[in-house]
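The structure file final.cif is reproduced below (mmCIF, N, CA and C atoms).
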```
data_model
#
loop_
_atom_site.label_atom_id
_atom_site.label_comp_id
_atom_site.auth_asym_id
_atom_site.auth_seq_id
_atom_site.Cartn_x
_atom_site.Cartn_y
_atom_site.Cartn_z
N MET A 1 -152.00 15.18 -9.16
CA MET A 1 -152.91 15.24 -10.28
C MET A 1 -153.41 16.67 -10.39
N ASN A 2 -153.29 17.25 -11.57
CA ASN A 2 -153.74 18.62 -11.74
C ASN A 2 -155.23 18.65 -12.06
N ALA A 3 -155.80 19.86 -12.13
CA ALA A 3 -157.23 20.02 -12.31
C ALA A 3 -157.70 19.48 -13.66
N SER A 4 -156.91 19.67 -14.72
CA SER A 4 -157.35 19.20 -16.03
C SER A 4 -157.35 17.69 -16.12
N SER A 5 -156.37 17.03 -15.51
CA SER A 5 -156.35 15.57 -15.57
C SER A 5 -157.44 14.97 -14.70
N SER A 6 -157.78 15.62 -13.57
CA SER A 6 -158.85 15.09 -12.74
C SER A 6 -160.19 15.27 -13.44
N GLY A 7 -160.34 16.34 -14.22
CA GLY A 7 -161.56 16.54 -14.99
C GLY A 7 -161.70 15.48 -16.06
N LYS A 8 -160.56 15.13 -16.71
CA LYS A 8 -160.60 14.08 -17.72
C LYS A 8 -160.95 12.74 -17.09
N ALA A 9 -160.43 12.49 -15.90
CA ALA A 9 -160.71 11.23 -15.22
C ALA A 9 -162.20 11.13 -14.89
N ARG A 10 -162.79 12.25 -14.43
CA ARG A 10 -164.22 12.24 -14.12
C ARG A 10 -165.04 12.05 -15.39
N ALA A 11 -164.65 12.71 -16.47
CA ALA A 11 -165.39 12.58 -17.73
C ALA A 11 -165.31 11.15 -18.25
N ALA A 12 -164.15 10.54 -18.16
CA ALA A 12 -164.00 9.17 -18.63
C ALA A 12 -164.80 8.21 -17.77
N SER A 13 -164.80 8.45 -16.45
CA SER A 13 -165.50 7.53 -15.57
C SER A 13 -167.00 7.69 -15.70
N SER A 14 -167.49 8.86 -16.11
CA SER A 14 -168.93 9.02 -16.24
C SER A 14 -169.49 8.24 -17.42
N SER A 15 -168.69 8.05 -18.49
CA SER A 15 -169.18 7.29 -19.64
C SER A 15 -168.97 5.80 -19.44
N GLN A 16 -168.11 5.42 -18.53
CA GLN A 16 -167.85 4.01 -18.25
C GLN A 16 -168.73 3.56 -17.10
N PRO A 17 -169.16 2.28 -17.10
CA PRO A 17 -169.95 1.80 -15.98
C PRO A 17 -169.10 1.76 -14.72
N SER A 18 -169.75 1.96 -13.60
CA SER A 18 -169.02 1.94 -12.35
C SER A 18 -168.58 0.53 -12.04
N GLU A 19 -167.60 0.42 -11.18
CA GLU A 19 -167.08 -0.89 -10.79
C GLU A 19 -168.18 -1.72 -10.13
N SER A 20 -169.04 -1.07 -9.34
CA SER A 20 -170.09 -1.82 -8.65
C SER A 20 -171.14 -2.36 -9.62
N SER A 21 -171.40 -1.64 -10.74
CA SER A 21 -172.40 -2.14 -11.69
C SER A 21 -171.90 -3.39 -12.38
N SER A 22 -170.59 -3.48 -12.66
CA SER A 22 -170.08 -4.69 -13.29
C SER A 22 -169.99 -5.83 -12.28
N LYS A 23 -169.82 -5.51 -11.01
CA LYS A 23 -169.80 -6.55 -9.97
C LYS A 23 -171.17 -7.20 -9.83
N ARG A 24 -172.24 -6.42 -9.98
CA ARG A 24 -173.60 -6.95 -9.85
C ARG A 24 -173.91 -7.95 -10.94
N LYS A 25 -173.27 -7.83 -12.09
CA LYS A 25 -173.57 -8.70 -13.22
C LYS A 25 -172.79 -10.01 -13.18
N ARG A 26 -171.98 -10.19 -12.20
CA ARG A 26 -171.17 -11.41 -12.11
C ARG A 26 -172.07 -12.64 -12.04
N GLY A 27 -171.71 -13.64 -12.82
CA GLY A 27 -172.44 -14.90 -12.80
C GLY A 27 -173.54 -15.00 -13.83
N ILE A 28 -173.78 -13.92 -14.56
CA ILE A 28 -174.89 -13.90 -15.51
C ILE A 28 -174.65 -14.85 -16.70
N PHE A 29 -173.39 -15.07 -17.07
CA PHE A 29 -173.05 -15.93 -18.20
C PHE A 29 -172.34 -17.21 -17.76
N GLN A 30 -172.44 -17.54 -16.50
CA GLN A 30 -171.66 -18.65 -15.95
C GLN A 30 -171.93 -19.97 -16.67
N LYS A 31 -173.19 -20.36 -16.82
CA LYS A 31 -173.51 -21.64 -17.46
C LYS A 31 -173.05 -21.67 -18.92
N GLU A 32 -173.31 -20.57 -19.66
CA GLU A 32 -172.93 -20.52 -21.07
C GLU A 32 -171.41 -20.63 -21.22
N LEU A 33 -170.68 -19.94 -20.35
CA LEU A 33 -169.22 -19.98 -20.42
C LEU A 33 -168.69 -21.36 -20.07
N GLN A 34 -169.31 -22.03 -19.10
CA GLN A 34 -168.89 -23.39 -18.76
C GLN A 34 -169.04 -24.30 -19.96
N HIS A 35 -170.17 -24.18 -20.67
CA HIS A 35 -170.39 -25.01 -21.86
C HIS A 35 -169.40 -24.67 -22.97
N MET A 36 -169.15 -23.38 -23.15
CA MET A 36 -168.19 -22.97 -24.18
C MET A 36 -166.79 -23.46 -23.84
N MET A 37 -166.40 -23.33 -22.57
CA MET A 37 -165.07 -23.78 -22.16
C MET A 37 -164.94 -25.29 -22.38
N TYR A 38 -165.98 -26.04 -22.07
CA TYR A 38 -165.95 -27.47 -22.30
C TYR A 38 -165.84 -27.77 -23.79
N GLY A 39 -166.58 -27.03 -24.60
CA GLY A 39 -166.53 -27.20 -26.05
C GLY A 39 -165.16 -26.93 -26.63
N PHE A 40 -164.39 -26.07 -25.96
CA PHE A 40 -163.04 -25.76 -26.42
C PHE A 40 -161.98 -26.58 -25.70
N GLY A 41 -162.40 -27.64 -25.01
CA GLY A 41 -161.44 -28.59 -24.47
C GLY A 41 -161.21 -28.55 -22.98
N ASP A 42 -161.94 -27.73 -22.24
CA ASP A 42 -161.76 -27.68 -20.79
C ASP A 42 -162.54 -28.82 -20.14
N ASP A 43 -162.42 -28.92 -18.86
CA ASP A 43 -163.13 -29.91 -18.06
C ASP A 43 -164.64 -29.65 -18.13
N PRO A 44 -165.47 -30.70 -18.07
CA PRO A 44 -166.92 -30.47 -18.08
C PRO A 44 -167.40 -29.59 -16.92
N ASN A 45 -166.70 -29.64 -15.81
CA ASN A 45 -167.03 -28.81 -14.65
C ASN A 45 -165.80 -27.99 -14.25
N PRO A 46 -165.54 -26.89 -14.95
CA PRO A 46 -164.35 -26.10 -14.64
C PRO A 46 -164.47 -25.44 -13.27
N LEU A 47 -163.33 -25.06 -12.73
CA LEU A 47 -163.32 -24.40 -11.43
C LEU A 47 -164.12 -23.11 -11.48
N PRO A 48 -164.89 -22.82 -10.44
CA PRO A 48 -165.68 -21.57 -10.41
C PRO A 48 -164.81 -20.32 -10.58
N GLU A 49 -163.59 -20.37 -10.05
CA GLU A 49 -162.68 -19.23 -10.17
C GLU A 49 -162.28 -19.00 -11.63
N THR A 50 -162.10 -20.10 -12.36
CA THR A 50 -161.74 -19.99 -13.77
C THR A 50 -162.90 -19.40 -14.57
N VAL A 51 -164.10 -19.88 -14.30
CA VAL A 51 -165.28 -19.37 -14.99
C VAL A 51 -165.46 -17.88 -14.68
N ALA A 52 -165.27 -17.51 -13.41
CA ALA A 52 -165.41 -16.10 -13.01
C ALA A 52 -164.38 -15.23 -13.72
N LEU A 53 -163.15 -15.73 -13.84
CA LEU A 53 -162.10 -14.97 -14.53
C LEU A 53 -162.44 -14.79 -16.01
N VAL A 54 -162.85 -15.87 -16.67
CA VAL A 54 -163.22 -15.80 -18.08
C VAL A 54 -164.40 -14.84 -18.26
N GLU A 55 -165.36 -14.91 -17.35
CA GLU A 55 -166.51 -14.02 -17.43
C GLU A 55 -166.10 -12.56 -17.28
N ASP A 56 -165.19 -12.28 -16.35
CA ASP A 56 -164.69 -10.91 -16.19
C ASP A 56 -164.02 -10.42 -17.46
N ILE A 57 -163.23 -11.28 -18.07
CA ILE A 57 -162.53 -10.90 -19.31
C ILE A 57 -163.54 -10.64 -20.44
N VAL A 58 -164.52 -11.53 -20.57
CA VAL A 58 -165.53 -11.38 -21.62
C VAL A 58 -166.35 -10.10 -21.41
N LEU A 59 -166.80 -9.88 -20.18
CA LEU A 59 -167.60 -8.68 -19.90
C LEU A 59 -166.80 -7.41 -20.17
N GLU A 60 -165.53 -7.41 -19.78
CA GLU A 60 -164.69 -6.23 -20.03
C GLU A 60 -164.51 -6.00 -21.52
N TYR A 61 -164.28 -7.07 -22.28
CA TYR A 61 -164.10 -6.95 -23.72
C TYR A 61 -165.37 -6.43 -24.39
N VAL A 62 -166.49 -7.03 -24.07
CA VAL A 62 -167.75 -6.63 -24.69
C VAL A 62 -168.11 -5.20 -24.32
N THR A 63 -167.90 -4.83 -23.07
CA THR A 63 -168.19 -3.47 -22.62
C THR A 63 -167.31 -2.47 -23.34
N ASP A 64 -166.02 -2.74 -23.42
CA ASP A 64 -165.10 -1.83 -24.12
C ASP A 64 -165.46 -1.73 -25.59
N PHE A 65 -165.80 -2.85 -26.20
CA PHE A 65 -166.18 -2.88 -27.61
C PHE A 65 -167.43 -2.04 -27.85
N ALA A 66 -168.42 -2.21 -26.97
CA ALA A 66 -169.67 -1.45 -27.10
C ALA A 66 -169.42 0.04 -26.89
N HIS A 67 -168.54 0.39 -25.96
CA HIS A 67 -168.23 1.80 -25.72
C HIS A 67 -167.52 2.42 -26.92
N LYS A 68 -166.61 1.66 -27.53
CA LYS A 68 -165.94 2.17 -28.73
C LYS A 68 -166.94 2.39 -29.85
N ALA A 69 -167.85 1.44 -30.02
CA ALA A 69 -168.88 1.58 -31.06
C ALA A 69 -169.79 2.76 -30.75
N GLN A 70 -170.09 2.94 -29.48
CA GLN A 70 -170.93 4.07 -29.08
C GLN A 70 -170.23 5.40 -29.36
N ASP A 71 -168.94 5.44 -29.12
CA ASP A 71 -168.17 6.65 -29.44
C ASP A 71 -168.21 6.94 -30.93
N MET A 72 -168.12 5.89 -31.75
CA MET A 72 -168.21 6.05 -33.20
C MET A 72 -169.60 6.56 -33.59
N GLY A 73 -170.62 5.97 -32.99
CA GLY A 73 -171.99 6.33 -33.31
C GLY A 73 -172.39 7.71 -32.82
N SER A 74 -171.73 8.17 -31.77
CA SER A 74 -172.09 9.48 -31.21
C SER A 74 -171.75 10.60 -32.18
N LYS A 75 -170.82 10.34 -33.09
CA LYS A 75 -170.48 11.36 -34.09
C LYS A 75 -171.64 11.60 -35.04
N ARG A 76 -172.43 10.54 -35.28
CA ARG A 76 -173.59 10.66 -36.16
C ARG A 76 -174.87 10.83 -35.38
N GLY A 77 -174.81 10.58 -34.10
CA GLY A 77 -175.99 10.73 -33.26
C GLY A 77 -176.72 9.44 -32.93
N LYS A 78 -176.28 8.32 -33.51
CA LYS A 78 -176.92 7.05 -33.18
C LYS A 78 -175.94 5.90 -33.39
N LEU A 79 -176.20 4.81 -32.72
CA LEU A 79 -175.38 3.61 -32.80
C LEU A 79 -175.98 2.69 -33.84
N SER A 80 -175.14 2.12 -34.70
CA SER A 80 -175.64 1.21 -35.72
C SER A 80 -174.73 0.00 -35.86
N ILE A 81 -175.19 -0.97 -36.61
CA ILE A 81 -174.41 -2.18 -36.86
C ILE A 81 -173.09 -1.83 -37.56
N GLU A 82 -173.14 -0.83 -38.43
CA GLU A 82 -171.94 -0.43 -39.16
C GLU A 82 -170.83 0.04 -38.23
N ASP A 83 -171.20 0.59 -37.08
CA ASP A 83 -170.18 1.02 -36.10
C ASP A 83 -169.39 -0.19 -35.60
N PHE A 84 -170.09 -1.29 -35.35
CA PHE A 84 -169.42 -2.51 -34.89
C PHE A 84 -168.59 -3.12 -36.02
N LEU A 85 -169.14 -3.13 -37.23
CA LEU A 85 -168.40 -3.67 -38.37
C LEU A 85 -167.14 -2.85 -38.64
N TYR A 86 -167.22 -1.55 -38.46
CA TYR A 86 -166.06 -0.69 -38.66
C TYR A 86 -164.95 -1.04 -37.67
N LEU A 87 -165.34 -1.36 -36.45
CA LEU A 87 -164.33 -1.68 -35.43
C LEU A 87 -163.60 -3.00 -35.72
N VAL A 88 -164.25 -3.93 -36.41
CA VAL A 88 -163.63 -5.23 -36.69
C VAL A 88 -163.14 -5.34 -38.13
N ARG A 89 -163.12 -4.22 -38.85
CA ARG A 89 -162.81 -4.25 -40.29
C ARG A 89 -161.43 -4.82 -40.59
N LYS A 90 -160.47 -4.68 -39.67
CA LYS A 90 -159.10 -5.17 -39.92
C LYS A 90 -158.89 -6.60 -39.43
N ASP A 91 -159.90 -7.16 -38.77
CA ASP A 91 -159.83 -8.53 -38.28
C ASP A 91 -160.75 -9.38 -39.16
N ALA A 92 -160.18 -9.94 -40.24
CA ALA A 92 -160.97 -10.64 -41.25
C ALA A 92 -161.85 -11.75 -40.69
N PRO A 93 -161.36 -12.62 -39.81
CA PRO A 93 -162.25 -13.68 -39.30
C PRO A 93 -163.46 -13.12 -38.53
N LYS A 94 -163.24 -12.10 -37.71
CA LYS A 94 -164.35 -11.50 -36.98
C LYS A 94 -165.33 -10.82 -37.93
N LEU A 95 -164.79 -10.09 -38.90
CA LEU A 95 -165.64 -9.40 -39.87
C LEU A 95 -166.48 -10.40 -40.67
N ASN A 96 -165.85 -11.48 -41.12
CA ASN A 96 -166.58 -12.50 -41.87
C ASN A 96 -167.66 -13.17 -41.02
N ARG A 97 -167.33 -13.43 -39.76
CA ARG A 97 -168.31 -14.05 -38.86
C ARG A 97 -169.48 -13.10 -38.60
N CYS A 98 -169.19 -11.83 -38.42
CA CYS A 98 -170.25 -10.84 -38.22
C CYS A 98 -171.17 -10.78 -39.44
N LYS A 99 -170.57 -10.75 -40.62
CA LYS A 99 -171.37 -10.71 -41.84
C LYS A 99 -172.20 -11.98 -42.00
N GLU A 100 -171.62 -13.12 -41.64
CA GLU A 100 -172.35 -14.38 -41.72
C GLU A 100 -173.54 -14.38 -40.77
N LEU A 101 -173.33 -13.91 -39.54
CA LEU A 101 -174.42 -13.86 -38.57
C LEU A 101 -175.51 -12.89 -38.99
N LEU A 102 -175.12 -11.75 -39.55
CA LEU A 102 -176.11 -10.80 -40.04
C LEU A 102 -176.91 -11.38 -41.20
N SER A 103 -176.24 -12.11 -42.06
CA SER A 103 -176.93 -12.76 -43.18
C SER A 103 -177.92 -13.81 -42.67
N MET A 104 -177.50 -14.61 -41.69
CA MET A 104 -178.39 -15.61 -41.12
C MET A 104 -179.58 -14.95 -40.43
N GLN A 105 -179.33 -13.83 -39.76
CA GLN A 105 -180.42 -13.10 -39.10
C GLN A 105 -181.46 -12.66 -40.13
N GLU A 106 -180.99 -12.16 -41.26
CA GLU A 106 -181.90 -11.72 -42.32
C GLU A 106 -182.67 -12.91 -42.90
N GLU A 107 -182.01 -14.04 -43.10
CA GLU A 107 -182.69 -15.23 -43.60
C GLU A 107 -183.77 -15.70 -42.64
N LEU A 108 -183.45 -15.69 -41.35
CA LEU A 108 -184.44 -16.09 -40.34
C LEU A 108 -185.62 -15.14 -40.32
N LYS A 109 -185.34 -13.84 -40.47
CA LYS A 109 -186.40 -12.85 -40.49
C LYS A 109 -187.34 -13.11 -41.68
N GLN A 110 -186.76 -13.39 -42.85
CA GLN A 110 -187.56 -13.68 -44.03
C GLN A 110 -188.37 -14.97 -43.87
N ALA A 111 -187.76 -15.98 -43.27
CA ALA A 111 -188.45 -17.25 -43.06
C ALA A 111 -189.62 -17.07 -42.08
N ARG A 112 -189.41 -16.30 -41.01
CA ARG A 112 -190.50 -16.04 -40.07
C ARG A 112 -191.63 -15.29 -40.74
N LYS A 113 -191.27 -14.33 -41.57
CA LYS A 113 -192.27 -13.54 -42.28
C LYS A 113 -193.08 -14.44 -43.21
N ALA A 114 -192.42 -15.32 -43.93
CA ALA A 114 -193.11 -16.24 -44.84
C ALA A 114 -193.99 -17.20 -44.04
N PHE A 115 -193.50 -17.66 -42.92
CA PHE A 115 -194.26 -18.58 -42.07
C PHE A 115 -195.50 -17.88 -41.53
N ASP A 116 -195.38 -16.63 -41.09
CA ASP A 116 -196.52 -15.88 -40.57
C ASP A 116 -197.57 -15.68 -41.66
N VAL A 117 -197.14 -15.38 -42.88
CA VAL A 117 -198.06 -15.20 -43.99
C VAL A 117 -198.78 -16.51 -44.28
N ASP A 118 -198.06 -17.63 -44.27
CA ASP A 118 -198.67 -18.93 -44.51
C ASP A 118 -199.72 -19.26 -43.44
N GLU A 119 -199.42 -18.95 -42.19
CA GLU A 119 -200.38 -19.20 -41.09
C GLU A 119 -201.63 -18.36 -41.27
N GLU A 120 -201.46 -17.09 -41.68
CA GLU A 120 -202.60 -16.21 -41.90
C GLU A 120 -203.47 -16.74 -43.04
N LYS A 121 -202.86 -17.20 -44.13
CA LYS A 121 -203.62 -17.76 -45.24
C LYS A 121 -204.36 -19.02 -44.80
N LEU A 122 -203.70 -19.87 -44.01
CA LEU A 122 -204.32 -21.09 -43.52
C LEU A 122 -205.51 -20.76 -42.62
N ALA A 123 -205.33 -19.80 -41.75
CA ALA A 123 -206.42 -19.40 -40.84
C ALA A 123 -207.58 -18.82 -41.63
N ALA A 124 -207.28 -18.04 -42.66
CA ALA A 124 -208.33 -17.44 -43.47
C ALA A 124 -209.09 -18.51 -44.25
N SER A 125 -208.40 -19.53 -44.72
CA SER A 125 -209.05 -20.58 -45.49
C SER A 125 -209.93 -21.47 -44.62
N LEU A 126 -209.61 -21.55 -43.31
CA LEU A 126 -210.40 -22.36 -42.40
C LEU A 126 -211.67 -21.64 -41.97
N ASP A 127 -211.69 -20.34 -42.06
CA ASP A 127 -212.88 -19.57 -41.64
C ASP A 127 -213.99 -19.63 -42.60
#
```

Show this structure as structure tokens.
Amino acid sequence: MNASSSGKARAASSSQPSESSSKRKRGIFQKELQHMMYGFGDDPNPLPETVALVEDIVLEYVTDFAHKAQDMGSKRGKLSIEDFLYLVRKDAPKLNRCKELLSMQEELKQARKAFDVDEEKLAASLD
């Protein structure tokens, strides 16, 4: 390995989480993944090794996806939702699901805001 390739390896590894940091997070999504696996047709109690493997795959995918979005956002100086949408722009089902979730998030935000205003009016009328 020459000096320039070892420098690239160090630079790449500094932006990526260390192997030990991803090992510490093992098991954090175990219950959720078991439920999802069951929902997609697996056994109600899948093997722990299977859940660990699926969790490793999910964590690696999400981490890589977030790093790609961060690389996109670093060009502008900040990370935004548009960076994630840009990454999934060619995958229509993912893009549509992202837009649907963002729309639902906005609807929930508006509903909470309306509910808070109603509570404030009710409290004011009781005083």

Please identify all polymer residues lying at most 12 Å from the point (-166.5, -18.8, -11.5) (file coordinates), using only C-alpha atoms, and present the result as a ChimeraX atom specification. /A:26-34,37,45-57

Would you give me, as a ChimeraX atom specification, the residues in range 30-116 of chain A that DSSP reads as alpha helix (DSSP H)? /A:30-39,48-74,81-87,92-116

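Rounded to one decimal, CA of Leu101 in chain A and atom N of Ser74 in chain A lie 23.2 Å from each other.
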
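Put simply, atom N of Ser80 in chain A is 12.5 Å away from CA of Phe65 in chain A.
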
Rounded to one decimal place, report the atom C of Tyr86 in chain A-atom C of Thr63 in chain A distance in Å.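 Separation of atom C of Tyr86 in chain A and atom C of Thr63 in chain A: 14.6 Å.
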
For range 95-106 of chain A, which lacks atoms in the input, supply all heavy atoms and format the output as a CSV table (one decimal), keeping the file's coordinate frame.
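So the final result, stored in selection.csv, reads:
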```csv
chain,number,residue,atom,x,y,z
A,95,LEU,N,-164.8,-10.1,-38.9
A,95,LEU,CA,-165.6,-9.4,-39.9
A,95,LEU,C,-166.5,-10.4,-40.7
A,95,LEU,O,-167.7,-10.2,-40.8
A,95,LEU,CB,-164.8,-8.5,-40.8
A,95,LEU,CG,-165.6,-7.7,-41.8
A,95,LEU,CD1,-166.5,-6.7,-41.2
A,95,LEU,CD2,-164.6,-7.0,-42.8
A,96,ASN,N,-165.8,-11.5,-41.1
A,96,ASN,CA,-166.6,-12.5,-41.9
A,96,ASN,C,-167.7,-13.2,-41.0
A,96,ASN,O,-168.8,-13.4,-41.5
A,96,ASN,CB,-165.6,-13.5,-42.4
A,96,ASN,CG,-164.8,-13.0,-43.5
A,96,ASN,OD1,-165.1,-12.0,-44.2
A,96,ASN,ND2,-163.6,-13.6,-43.7
A,97,ARG,N,-167.3,-13.4,-39.8
A,97,ARG,CA,-168.3,-14.0,-38.9
A,97,ARG,C,-169.5,-13.1,-38.6
A,97,ARG,O,-170.6,-13.5,-38.6
A,97,ARG,CB,-167.6,-14.5,-37.5
A,97,ARG,CG,-168.6,-15.1,-36.6
A,97,ARG,CD,-169.1,-16.4,-37.1
A,97,ARG,NE,-169.9,-17.1,-36.0
A,97,ARG,CZ,-170.8,-17.9,-36.2
A,97,ARG,NH1,-171.1,-18.3,-37.5
A,97,ARG,NH2,-171.5,-18.5,-35.2
A,98,CYS,N,-169.2,-11.8,-38.4
A,98,CYS,CA,-170.2,-10.8,-38.2
A,98,CYS,C,-171.2,-10.8,-39.4
A,98,CYS,O,-172.4,-10.8,-39.3
A,98,CYS,CB,-169.7,-9.5,-38.0
A,98,CYS,SG,-168.9,-9.3,-36.3
A,99,LYS,N,-170.6,-10.8,-40.6
A,99,LYS,CA,-171.4,-10.7,-41.8
A,99,LYS,C,-172.2,-12.0,-42.0
A,99,LYS,O,-173.4,-11.9,-42.4
A,99,LYS,CB,-170.5,-10.5,-43.1
A,99,LYS,CG,-169.9,-9.1,-43.1
A,99,LYS,CD,-169.1,-8.9,-44.3
A,99,LYS,CE,-168.6,-7.5,-44.4
A,99,LYS,NZ,-167.8,-7.2,-45.6
A,100,GLU,N,-171.6,-13.1,-41.6
A,100,GLU,CA,-172.4,-14.4,-41.7
A,100,GLU,C,-173.5,-14.4,-40.8
A,100,GLU,O,-174.7,-14.8,-41.1
A,100,GLU,CB,-171.4,-15.5,-41.4
A,100,GLU,CG,-172.0,-16.9,-41.4
A,100,GLU,CD,-171.1,-18.0,-41.0
A,100,GLU,OE1,-169.9,-17.7,-40.7
A,100,GLU,OE2,-171.5,-19.1,-40.8
A,101,LEU,N,-173.3,-13.9,-39.5
A,101,LEU,CA,-174.4,-13.9,-38.6
A,101,LEU,C,-175.5,-12.9,-39.0
A,101,LEU,O,-176.7,-13.2,-38.8
A,101,LEU,CB,-173.9,-13.5,-37.2
A,101,LEU,CG,-173.0,-14.6,-36.5
A,101,LEU,CD1,-172.4,-14.0,-35.3
A,101,LEU,CD2,-173.9,-15.8,-36.2
A,102,LEU,N,-175.1,-11.8,-39.6
A,102,LEU,CA,-176.1,-10.8,-40.0
A,102,LEU,C,-176.9,-11.4,-41.2
A,102,LEU,O,-178.1,-11.2,-41.3
A,102,LEU,CB,-175.4,-9.5,-40.5
A,102,LEU,CG,-174.9,-8.6,-39.3
A,102,LEU,CD1,-174.0,-7.5,-39.8
A,102,LEU,CD2,-176.0,-8.1,-38.5
A,103,SER,N,-176.2,-12.1,-42.1
A,103,SER,CA,-176.9,-12.8,-43.2
A,103,SER,C,-177.9,-13.8,-42.7
A,103,SER,O,-179.1,-13.9,-43.1
A,103,SER,CB,-175.9,-13.4,-44.1
A,103,SER,OG,-176.5,-14.1,-45.1
A,104,MET,N,-177.5,-14.6,-41.7
A,104,MET,CA,-178.4,-15.6,-41.1
A,104,MET,C,-179.6,-15.0,-40.4
A,104,MET,O,-180.7,-15.4,-40.5
A,104,MET,CB,-177.6,-16.5,-40.1
A,104,MET,CG,-176.8,-17.6,-40.8
A,104,MET,SD,-176.2,-18.8,-39.7
A,104,MET,CE,-175.0,-17.9,-38.8
A,105,GLN,N,-179.3,-13.8,-39.8
A,105,GLN,CA,-180.4,-13.1,-39.1
A,105,GLN,C,-181.5,-12.7,-40.1
A,105,GLN,O,-182.7,-12.8,-39.9
A,105,GLN,CB,-179.9,-11.9,-38.4
A,105,GLN,CG,-180.9,-11.1,-37.7
A,105,GLN,CD,-180.4,-9.8,-37.0
A,105,GLN,OE1,-179.3,-9.3,-37.4
A,105,GLN,NE2,-181.2,-9.2,-36.1
A,106,GLU,N,-181.0,-12.2,-41.3
A,106,GLU,CA,-181.9,-11.7,-42.3
A,106,GLU,C,-182.7,-12.9,-42.9
A,106,GLU,O,-183.9,-12.8,-43.1
A,106,GLU,CB,-181.1,-11.0,-43.4
A,106,GLU,CG,-182.0,-10.3,-44.4
A,106,GLU,CD,-182.9,-9.3,-43.9
A,106,GLU,OE1,-182.5,-8.6,-42.9
A,106,GLU,OE2,-184.0,-9.2,-44.4
```
